[in-house]
$ cat coords-v1.cif   # mmCIF, C-alpha atoms and all ligand atoms
data_input
loop_
_atom_site.label_atom_id
_atom_site.label_comp_id
_atom_site.auth_asym_id
_atom_site.auth_seq_id
_atom_site.Cartn_x
_atom_site.Cartn_y
_atom_site.Cartn_z
CA MET A 147 0.00 0.00 0.00
CA GLY A 148 1.32 3.39 -0.95
CA GLU A 149 1.52 6.18 1.58
CA ASP A 150 0.03 9.64 1.30
CA PHE A 151 2.36 12.63 1.59
CA LYS A 152 1.24 16.25 1.75
CA ILE A 153 3.59 18.75 0.13
CA ALA A 154 3.30 22.54 0.37
CA VAL A 155 4.71 24.00 -2.85
CA ILE A 156 5.96 27.56 -3.01
CA PRO A 157 7.03 28.33 -6.59
CA GLY A 158 7.97 31.93 -5.71
CA ASP A 159 9.51 34.40 -8.16
CA GLY A 160 11.77 34.56 -11.19
CA ILE A 161 12.77 31.10 -12.37
CA GLY A 162 11.14 29.56 -9.28
CA PRO A 163 7.88 28.50 -10.97
CA GLU A 164 9.58 26.92 -13.99
CA VAL A 165 12.13 24.88 -12.03
CA VAL A 166 9.44 23.77 -9.58
CA ARG A 167 7.23 22.67 -12.47
CA GLU A 168 9.93 20.29 -13.70
CA ALA A 169 10.60 18.97 -10.20
CA LEU A 170 6.88 18.22 -9.75
CA GLY A 171 6.94 16.37 -13.08
CA VAL A 172 9.68 14.15 -11.69
CA LEU A 173 7.69 13.63 -8.50
CA GLU A 174 4.63 12.54 -10.52
CA LYS A 175 6.76 9.87 -12.13
CA ILE A 176 7.97 8.73 -8.69
CA ALA A 177 4.33 8.48 -7.62
CA VAL A 178 3.71 6.11 -10.53
CA THR A 179 6.81 3.96 -9.98
CA SER A 180 6.51 3.81 -6.17
CA GLY A 181 2.76 3.66 -5.64
CA HIS A 182 2.87 6.55 -3.14
CA ARG A 183 0.64 9.59 -3.41
CA PHE A 184 1.88 13.15 -3.21
CA THR A 185 -0.77 15.76 -2.62
CA ILE A 186 0.34 19.22 -3.68
CA LYS A 187 -0.86 22.54 -2.32
CA GLU A 188 0.48 25.66 -4.03
CA LEU A 189 1.19 28.65 -1.82
CA LEU A 190 2.37 32.23 -2.15
CA ALA A 191 5.59 33.63 -0.69
CA GLY A 192 8.14 36.21 -1.76
CA GLY A 193 7.62 38.97 -4.32
CA CYS A 194 4.49 37.41 -5.82
CA ALA A 195 2.98 37.36 -2.31
CA ILE A 196 3.85 41.04 -1.84
CA ASP A 197 2.06 41.83 -5.09
CA ALA A 198 -0.99 39.72 -4.21
CA THR A 199 -1.33 40.36 -0.47
CA GLY A 200 1.04 43.18 0.48
CA ARG A 201 3.34 40.94 2.51
CA PRO A 202 6.14 38.53 1.65
CA LEU A 203 4.96 35.70 3.89
CA PRO A 204 1.19 35.55 4.35
CA PRO A 205 0.18 33.78 7.58
CA GLU A 206 -1.95 31.33 5.55
CA THR A 207 1.21 30.15 3.82
CA VAL A 208 2.93 29.38 7.13
CA GLN A 209 -0.21 27.65 8.39
CA ALA A 210 -0.48 25.47 5.26
CA CYS A 211 3.22 24.55 5.57
CA ARG A 212 2.61 23.46 9.15
CA GLU A 213 -0.19 21.21 7.95
CA SER A 214 2.06 19.53 5.38
CA ASP A 215 4.70 16.81 5.60
CA ALA A 216 7.25 18.86 3.68
CA VAL A 217 7.69 22.10 1.73
CA LEU A 218 9.18 22.53 -1.75
CA LEU A 219 10.30 26.06 -2.55
CA GLY A 220 11.56 27.49 -5.86
CA ALA A 221 13.14 30.88 -5.23
CA VAL A 222 12.06 34.33 -4.08
CA GLY A 223 13.10 37.87 -4.86
CA GLY A 224 13.82 40.14 -7.79
CA GLU A 225 14.74 43.68 -8.77
CA LYS A 226 11.11 44.72 -8.72
CA TRP A 227 11.06 44.52 -4.92
CA ASP A 228 14.64 45.64 -4.22
CA GLY A 229 13.56 49.12 -3.20
CA LEU A 230 11.39 47.93 -0.31
CA PRO A 231 12.54 48.40 3.29
CA GLY A 232 14.53 45.46 4.73
CA ASP A 233 11.71 43.92 6.73
CA GLN A 234 9.30 43.91 3.77
CA ARG A 235 11.57 42.38 1.15
CA PRO A 236 10.82 39.00 -0.47
CA GLU A 237 13.85 37.46 1.32
CA MET A 238 11.96 37.93 4.58
CA ALA A 239 9.74 35.07 3.42
CA LEU A 240 12.73 32.73 3.64
CA LEU A 241 13.81 33.95 7.06
CA GLY A 242 10.19 33.85 8.25
CA LEU A 243 9.68 30.28 7.05
CA ARG A 244 12.96 29.12 8.59
CA GLY A 245 12.28 30.87 11.90
CA GLN A 246 8.57 30.12 12.24
CA LEU A 247 8.89 26.50 11.16
CA GLY A 248 11.92 25.95 13.42
CA LEU A 249 14.15 24.79 10.56
CA TYR A 250 17.50 25.18 12.26
CA ALA A 251 19.60 22.76 10.22
CA ASN A 252 20.43 23.58 6.64
CA LEU A 253 22.03 20.75 4.68
CA ARG A 254 23.83 21.81 1.52
CA PRO A 255 25.61 18.98 -0.23
CA ALA A 256 28.22 19.98 -2.81
CA PHE A 257 28.85 17.09 -5.15
CA LEU A 258 30.84 17.23 -8.36
CA TYR A 259 29.28 14.91 -10.91
CA GLN A 260 31.92 13.04 -12.90
CA GLN A 261 30.17 14.24 -16.07
CA LEU A 262 30.59 17.88 -15.03
CA LYS A 263 34.29 17.89 -14.27
CA GLU A 264 34.85 20.32 -17.17
CA ALA A 265 32.44 22.78 -15.54
CA CYS A 266 34.52 22.88 -12.34
CA PRO A 267 36.77 25.97 -12.24
CA LEU A 268 39.50 24.12 -10.32
CA LYS A 269 42.46 22.36 -11.95
CA PRO A 270 42.07 18.58 -12.43
CA GLU A 271 44.91 17.85 -9.99
CA ILE A 272 43.07 19.80 -7.29
CA ILE A 273 39.75 18.07 -8.00
CA GLY A 274 41.26 14.59 -7.86
CA ASP A 275 38.72 11.77 -8.03
CA GLN A 276 35.82 13.50 -6.43
CA ILE A 277 34.46 16.50 -4.59
CA ASP A 278 31.75 15.41 -2.20
CA LEU A 279 31.12 17.49 0.87
CA MET A 280 28.19 18.59 2.96
CA VAL A 281 27.82 22.01 4.49
CA VAL A 282 25.68 21.88 7.63
CA ARG A 283 24.67 25.46 8.24
CA GLU A 284 22.93 26.70 11.39
CA LEU A 285 19.82 28.42 10.04
CA THR A 286 17.73 30.07 12.73
CA GLY A 287 20.30 31.84 14.89
CA GLY A 288 23.39 33.99 14.76
CA ILE A 289 23.59 37.40 13.15
CA TYR A 290 20.59 36.73 10.88
CA PHE A 291 18.26 36.69 13.87
CA GLY A 292 20.19 38.63 16.54
CA PRO A 293 19.34 42.12 17.84
CA ARG A 294 19.83 44.82 15.23
CA GLY A 295 19.20 48.48 14.82
CA ARG A 296 20.11 51.93 13.68
CA SER A 297 20.79 55.11 15.56
CA LYS A 298 22.31 58.53 15.05
CA GLN A 299 25.74 59.45 16.38
CA ASP A 300 26.50 63.19 16.04
CA SER A 301 23.80 63.33 13.32
CA ARG A 302 25.54 60.53 11.37
CA GLU A 303 23.84 57.12 11.00
CA GLN A 304 25.18 53.99 12.58
CA ALA A 305 23.81 50.47 12.36
CA PHE A 306 24.49 47.16 14.03
CA ASP A 307 23.67 43.46 13.85
CA THR A 308 24.52 40.95 16.55
CA GLU A 309 26.07 37.51 16.28
CA ILE A 310 24.62 35.58 19.18
CA TYR A 311 24.56 31.83 19.86
CA SER A 312 23.31 29.84 22.81
CA GLU A 313 24.76 26.52 23.93
CA GLY A 314 21.55 24.75 22.97
CA GLU A 315 21.61 26.15 19.43
CA VAL A 316 25.17 25.01 18.85
CA GLU A 317 24.58 21.65 20.46
CA ARG A 318 21.67 20.64 18.24
CA ILE A 319 23.33 21.67 14.97
CA ALA A 320 26.55 19.92 16.03
CA ARG A 321 24.61 16.72 16.71
CA ILE A 322 23.09 16.84 13.23
CA ALA A 323 26.54 17.34 11.69
CA PHE A 324 28.10 14.42 13.57
CA ASP A 325 25.15 12.22 12.79
CA ILE A 326 25.44 12.94 9.07
CA ALA A 327 29.22 12.45 9.16
CA ARG A 328 28.66 9.02 10.66
CA GLN A 329 26.68 8.09 7.54
CA ARG A 330 29.35 9.54 5.24
CA ASN A 331 33.13 9.61 5.74
CA SER A 332 33.17 10.25 9.49
CA LYS A 333 34.85 13.62 9.46
CA VAL A 334 33.52 16.94 10.75
CA THR A 335 35.23 20.29 10.20
CA SER A 336 33.81 22.98 12.45
CA VAL A 337 34.31 26.46 11.01
CA ASP A 338 34.41 29.51 13.27
CA LYS A 339 36.35 32.66 14.04
CA ALA A 340 37.38 31.68 17.55
CA ASN A 341 40.58 33.73 17.36
CA ILE A 342 38.41 36.87 17.49
CA LEU A 343 34.77 36.23 18.31
CA GLU A 344 33.44 35.25 21.72
CA SER A 345 30.42 33.57 20.11
CA SER A 346 32.87 31.40 18.13
CA ARG A 347 34.69 30.41 21.31
CA LEU A 348 31.44 29.13 22.77
CA TRP A 349 30.69 27.45 19.42
CA ARG A 350 34.00 25.59 19.52
CA GLU A 351 33.65 24.51 23.16
CA VAL A 352 30.19 23.09 22.54
CA VAL A 353 31.20 21.31 19.33
CA ILE A 354 34.09 19.66 21.17
CA ARG A 355 31.76 18.56 23.94
CA VAL A 356 29.22 17.08 21.49
CA SER A 357 32.03 15.29 19.64
CA GLN A 358 32.62 13.15 22.71
CA ASP A 359 29.35 11.38 21.97
CA PHE A 360 30.65 10.49 18.50
CA PRO A 361 34.06 8.92 19.09
CA GLU A 362 34.09 7.31 15.63
CA VAL A 363 33.89 10.74 13.92
CA LYS A 364 37.06 12.79 13.46
CA LEU A 365 36.75 16.47 14.34
CA ASN A 366 38.93 19.41 13.32
CA HIS A 367 38.48 23.18 13.50
CA LEU A 368 39.24 25.87 10.94
CA TYR A 369 38.95 29.63 11.11
CA VAL A 370 36.53 30.82 8.45
CA ASP A 371 39.13 32.72 6.41
CA ASN A 372 41.33 29.65 6.25
CA ALA A 373 38.32 27.44 5.46
CA ALA A 374 37.43 29.66 2.48
CA MET A 375 40.98 29.24 1.21
CA GLN A 376 41.14 25.48 1.85
CA MET A 377 37.92 25.01 -0.07
CA VAL A 378 39.66 25.98 -3.32
CA ARG A 379 43.15 24.76 -2.36
CA ASP A 380 42.17 21.21 -1.35
CA PRO A 381 38.41 20.54 -1.27
CA LYS A 382 38.99 16.78 -0.94
CA GLN A 383 39.92 17.26 2.73
CA PHE A 384 36.29 18.02 3.62
CA ASP A 385 33.49 15.65 4.46
CA VAL A 386 31.01 17.53 6.68
CA ILE A 387 31.47 21.22 7.45
CA VAL A 388 29.43 22.58 10.36
CA THR A 389 29.19 26.31 10.79
CA SER A 390 27.11 29.34 11.75
CA ASN A 391 24.35 30.93 9.74
CA LEU A 392 26.47 33.69 8.15
CA PHE A 393 29.63 31.67 7.56
CA GLY A 394 27.49 28.86 6.15
CA ASP A 395 25.77 31.24 3.77
CA ILE A 396 29.13 32.27 2.33
CA LEU A 397 30.90 28.91 2.36
CA SER A 398 27.96 27.08 0.80
CA ASP A 399 28.05 29.39 -2.23
CA GLU A 400 31.78 28.80 -2.53
CA ALA A 401 31.30 25.03 -2.21
CA GLY A 402 28.59 25.29 -4.82
CA MET A 403 30.79 27.02 -7.32
CA ILE A 404 33.53 24.40 -7.16
CA THR A 405 31.00 21.78 -8.24
CA GLY A 406 30.58 23.62 -11.53
CA SER A 407 27.31 25.45 -11.11
CA ILE A 408 25.12 26.62 -8.33
CA GLY A 409 22.34 25.41 -10.66
CA MET A 410 23.07 21.85 -9.55
CA LEU A 411 22.79 22.30 -5.79
CA PRO A 412 19.85 21.15 -3.69
CA SER A 413 19.29 21.88 -0.03
CA ALA A 414 17.26 20.66 2.90
CA SER A 415 16.25 22.69 5.95
CA LEU A 416 15.28 20.52 8.85
CA GLY A 417 13.93 20.96 12.35
CA GLU A 418 12.67 18.42 14.83
CA GLY A 419 10.98 15.34 13.39
CA ASN A 420 10.74 14.50 9.69
CA PHE A 421 9.35 17.81 8.49
CA GLY A 422 11.62 19.80 6.19
CA LEU A 423 11.80 22.54 3.58
CA TYR A 424 13.60 21.75 0.34
CA GLU A 425 14.89 24.30 -2.11
CA PRO A 426 17.61 24.86 -4.68
CA VAL A 427 20.56 26.88 -3.35
CA HIS A 428 20.39 29.26 -6.32
CA GLY A 429 18.22 32.36 -6.34
CA SER A 430 15.40 33.59 -8.53
CA ALA A 431 17.66 34.68 -11.46
CA PRO A 432 15.14 37.19 -12.87
CA ASP A 433 17.24 37.65 -16.03
CA LEU A 434 16.60 34.01 -16.97
CA ALA A 435 12.95 33.90 -15.93
CA GLY A 436 10.43 32.75 -18.52
CA LYS A 437 13.10 31.96 -21.12
CA ASP A 438 13.23 28.20 -20.62
CA GLN A 439 16.96 28.51 -19.86
CA ALA A 440 17.10 27.86 -16.12
CA ASN A 441 18.62 24.64 -14.78
CA PRO A 442 15.92 22.73 -12.86
CA LEU A 443 18.31 20.02 -11.64
CA ALA A 444 18.92 21.66 -8.25
CA THR A 445 15.17 21.66 -7.58
CA ILE A 446 14.80 18.12 -8.89
CA LEU A 447 17.62 17.03 -6.58
CA SER A 448 15.90 18.90 -3.73
CA VAL A 449 12.88 16.66 -4.29
CA ALA A 450 15.26 13.71 -3.97
CA MET A 451 16.41 15.10 -0.60
CA MET A 452 12.75 15.46 0.43
CA LEU A 453 12.10 11.82 -0.38
CA ARG A 454 15.14 10.78 1.66
CA TYR A 455 14.90 13.02 4.71
CA SER A 456 11.17 13.66 5.16
CA PHE A 457 9.54 10.58 3.63
CA ASN A 458 12.16 7.89 4.27
CA LEU A 459 12.11 6.88 0.60
CA SER A 460 15.84 6.52 -0.02
CA ALA A 461 15.50 4.13 -2.96
CA GLU A 462 13.30 6.65 -4.77
CA ALA A 463 15.74 9.44 -3.87
CA ALA A 464 18.60 7.40 -5.32
CA ALA A 465 16.57 6.77 -8.47
CA ILE A 466 16.27 10.53 -9.06
CA LYS A 467 19.99 11.12 -8.53
CA GLN A 468 20.79 8.28 -10.91
CA ALA A 469 18.43 9.66 -13.54
CA VAL A 470 20.18 13.04 -13.29
CA GLU A 471 23.54 11.33 -13.75
CA ARG A 472 22.26 9.48 -16.79
CA VAL A 473 20.95 12.67 -18.38
CA LEU A 474 24.37 14.27 -17.87
CA ALA A 475 26.15 11.16 -19.13
CA ALA A 476 23.99 11.30 -22.25
CA GLY A 477 25.47 14.75 -22.88
CA TYR A 478 22.48 17.00 -22.16
CA ARG A 479 23.26 20.36 -20.57
CA THR A 480 21.49 23.58 -19.67
CA GLY A 481 23.37 26.82 -20.39
CA ASP A 482 24.98 27.13 -16.96
CA ILE A 483 26.75 23.76 -17.26
CA MET A 484 27.25 23.75 -21.03
CA SER A 485 30.61 22.75 -22.47
CA PRO A 486 31.82 22.13 -26.04
CA GLY A 487 30.43 19.03 -27.74
CA LYS A 488 27.44 18.72 -25.42
CA THR A 489 23.78 19.13 -26.31
CA LEU A 490 22.23 22.37 -25.08
CA VAL A 491 18.66 21.92 -23.85
CA GLY A 492 16.10 24.06 -22.05
CA THR A 493 14.48 23.83 -18.64
CA GLU A 494 11.51 21.82 -19.80
CA GLN A 495 13.45 19.39 -21.96
CA ILE A 496 16.00 18.50 -19.31
CA GLY A 497 13.18 18.02 -16.80
CA LYS A 498 11.41 15.63 -19.19
CA LEU A 499 14.69 13.78 -19.79
CA VAL A 500 15.17 13.17 -16.07
CA THR A 501 11.56 11.97 -15.81
CA SER A 502 12.03 9.60 -18.74
CA PHE A 503 15.20 8.12 -17.18
CA ILE A 504 13.39 7.09 -13.97
C1 LIG B 1 20.57 31.54 1.01
C2 LIG B 1 20.29 32.95 0.61
C3 LIG B 1 19.50 33.61 1.72
C4 LIG B 1 20.38 33.59 2.96
C5 LIG B 1 19.02 35.05 1.47
C6 LIG B 1 18.30 35.16 0.15
C7 LIG B 1 18.14 35.50 2.60
O1 LIG B 1 21.46 33.62 0.32
O2 LIG B 1 19.60 30.78 1.21
O3 LIG B 1 21.75 31.18 1.08
O4 LIG B 1 21.23 34.46 3.15
O5 LIG B 1 20.21 32.67 3.76
MG MG B 2 23.17 32.37 0.29
#

$ encode --input "coords-v1.cif" --output "structure tokens" --more "lines below"
Ligand code: IPM
Ligand code: MG
Amino acid sequence: MGEDFKIAVIPGDGIGPEVVREALGVLEKIAVTSGHRFTIKELLAGGCAIDATGRPLPPETVQACRESDAVLLGAVGGEKWDGLPGDQRPEMALLGLRGQLGLYANLRPAFLYQQLKEACPLKPEIIGDQIDLMVVRELTGGIYFGPRGRSKQDSREQAFDTEIYSEGEVERIARIAFDIARQRNSKVTSVDKANILESSRLWREVVIRVSQDFPEVKLNHLYVDNAAMQMVRDPKQFDVIVTSNLFGDILSDEAGMITGSIGMLPSASLGEGNFGLYEPVHGSAPDLAGKDQANPLATILSVAMMLRYSFNLSAEAAAIKQAVERVLAAGYRTGDIMSPGKTLVGTEQIGKLVTSFI
């Protein structure tokens, strides 16, 4: 007997709707091959929600997410809304969803497909056999959510944001990182700025304490500036990287780039239990919107993460990843991962190809 899964779908802005469409096509195929049912509810968030309701994250959207088993999100934002004050911008929808749904653990795998080695900007001798790392980013704390403000000093403006972490926040993200490392290559690199920041010193102490519960996992520490350098000097040294909200934002883009294209990178945001929000790491790319040029593979791979982490369907998740590999092996590429001799295809065609290879 198949199970019933409820999915809240937030297509969002820019290329969001078109990449989500392809990902849902893949999911429909999985429904057929697996016998499970996926019930979809489309919701507004981001710029389109501002246009329709005056706010980036309508309360009904949060409520509907809460009533679902998982959320699939395309992307939010665009020039059109760039002039709005900080707290009314489309990006607030992301922060609101993360905060209100308690999604404190952001998993961003960076995996270089063998077929995309030419798209990687690093030299072959640096790439070696494989780049396969996982950034575990704390997502509901730190400077993104700390006290902030503006004031006037001698009639000149000043502004501040606060990096703040509690023991409990560090502990739970560290546990997730060690747990994931245990299922991978048993190595955790904790990234901080403990030579300068007090919050990083606490971070490091807590990570060391948590590591004692995972004796089979190796732990090392890097300062964030060094970590950024090591990522391009010798990415093979990394298995799981655990870090704060802000450092994770930066390092996950860097990790993404060394896998060839940010258009290939899925992500999962998890809280307690099986509930999670899944989205491509890339943004809304308004310049590509509506042109059938966007790469939907990151969103398709996000659906694979949803199947694995929220629905416990790892065979189906693996089937999607394999289908993506076969499409790449067959030489099909969207513009962002195109290289000489390959076949350039659009958003819709590459989505259909993945579906047909499942
Ligand atoms: C990300 C994005 C977001 C972040 C922005 C759009 C709020 O860069 O998901 O990495 O900084 O978290
Ligand atoms: Mg980012």

$ atom_distance --input "coords-v1.cif" --atom1 "atom CA of A:Asp385" --atom2 "atom CA of A:Lys333"
5.6 Å

$ closest_atom_pairs --input "coords-v1.cif" --of "chain A" --to "ligand MG 2 (chain B)" --cutoff "10 Å" --atoms "all atoms listed in the file" --output "CSV"
residue,atom,partner,partner_atom,distance
A:Asn391,CA,B:MG2,MG,9.6
A:Leu392,CA,B:MG2,MG,8.6
A:Phe393,CA,B:MG2,MG,9.8
A:Gly394,CA,B:MG2,MG,8.1
A:Asp395,CA,B:MG2,MG,4.5
A:Ile396,CA,B:MG2,MG,6.3
A:Leu397,CA,B:MG2,MG,8.7
A:Ser398,CA,B:MG2,MG,7.2
A:Asp399,CA,B:MG2,MG,6.2
A:Glu400,CA,B:MG2,MG,9.7
A:Val427,CA,B:MG2,MG,7.1
A:His428,CA,B:MG2,MG,7.8
A:Gly429,CA,B:MG2,MG,8.3

$ closest_residue --input "coords-v1.cif" --among "A:Gly497, A:Gly229, A:Pro426, A:Gly295" --to "ligand LIG 1 (chain B)" --atoms "all atoms listed in the file"
A:Pro426

$ closest_residue --input "coords-v1.cif" --among "A:Leu434, A:Ala256, A:Leu243, A:Val370" --to "A:Met410" --atoms "all atoms listed in the file"
A:Ala256

$ atom_distance --input "coords-v1.cif" --atom1 "atom CA of A:Ile326" --atom2 "atom CA of A:Ala251"
11.5 Å

$ residues_around --input "coords-v1.cif" --residues "A:Gln439" --least-positions-apart "2" --cutoff "6 Å" --atoms "only C-alpha atoms" --output "list of chain:residue names"
A:Lys437, A:Gly492, A:Thr493

$ residues_around --input "coords-v1.cif" --residues "stretch 467-470 of chain A" --least-positions-apart "5" --cutoff "6 Å" --atoms "all atoms listed in the file" --output "MDAnalysis selection string"
chainID A and resid 500 503:504

$ closest_residue --input "coords-v1.cif" --among "A:Glu418, A:Glu264, A:Asp228, A:Asp150" --to "ligand LIG 1 (chain B)" --atoms "all atoms listed in the file"
A:Asp228

$ residues_around --input "coords-v1.cif" --residues "A:Pro163" --least-positions-apart "5" --cutoff "9 Å" --atoms "all atoms listed in the file" --output "PDB file with C-alpha atoms, in the coordinates of the input"
ATOM      1  CA  ILE A 156       5.960  27.560  -3.010  1.00  0.00           C
ATOM      2  CA  PRO A 157       7.030  28.330  -6.590  1.00  0.00           C
ATOM      3  CA  GLY A 158       7.970  31.930  -5.710  1.00  0.00           C
ATOM      4  CA  GLU A 168       9.930  20.290 -13.700  1.00  0.00           C
ATOM      5  CA  GLY A 220      11.560  27.490  -5.860  1.00  0.00           C
ATOM      6  CA  ALA A 221      13.140  30.880  -5.230  1.00  0.00           C
ATOM      7  CA  ALA A 435      12.950  33.900 -15.930  1.00  0.00           C
TER       8      ALA A 435
END

$ atom_distance --input "coords-v1.cif" --atom1 "atom CA of A:Ser346" --atom2 "atom CA of A:Leu368"
11.1 Å

$ closest_residue --input "coords-v1.cif" --among "A:Val281, A:Ala177, A:Leu170, A:Ala305" --to "ligand LIG 1 (chain B)" --atoms "only C-alpha atoms and all ligand atoms"
A:Val281

$ closest_residue --input "coords-v1.cif" --among "A:Glu471, A:Glu271, A:Asp438, A:Glu494" --to "A:Ile161" --atoms "only C-alpha atoms"
A:Asp438

$ closest_residue --input "coords-v1.cif" --among "A:Glu174, A:Asp307, A:Glu225, A:Glu315" --to "A:Leu249" --atoms "all atoms listed in the file"
A:Glu315

$ residues_around --input "coords-v1.cif" --residues "A:Met403" --least-positions-apart "6" --cutoff "10 Å" --atoms "all atoms listed in the file" --output "VMD selection string"
chain A and resid 256 258 265 to 268 378 397 409 to 411

$ axis_aligned_box --input "coords-v1.cif" --around "ligand LIG 1 (chain B)" --padding-each-side "6 Å" --output "JSON"
{"center_x": 19.9, "center_y": 33.1, "center_z": 2.0, "size_x": 15.6, "size_y": 16.7, "size_z": 15.6}

$ residues_around --input "coords-v1.cif" --residues "stretch 287-294 of chain A" --least-positions-apart "5" --cutoff "6 Å" --atoms "all atoms listed in the file" --output "PyMOL selection string"
chain A and resi 306-311+391

$ residues_near_point --input "coords-v1.cif" --point "(29.6, 19.0, 15.0)" --cutoff "10 Å" --atoms "only C-alpha atoms" --output "MDAnalysis selection string"
chainID A and resid 282 316:327 333:337 349:350 352:357 360 363:367 386:389
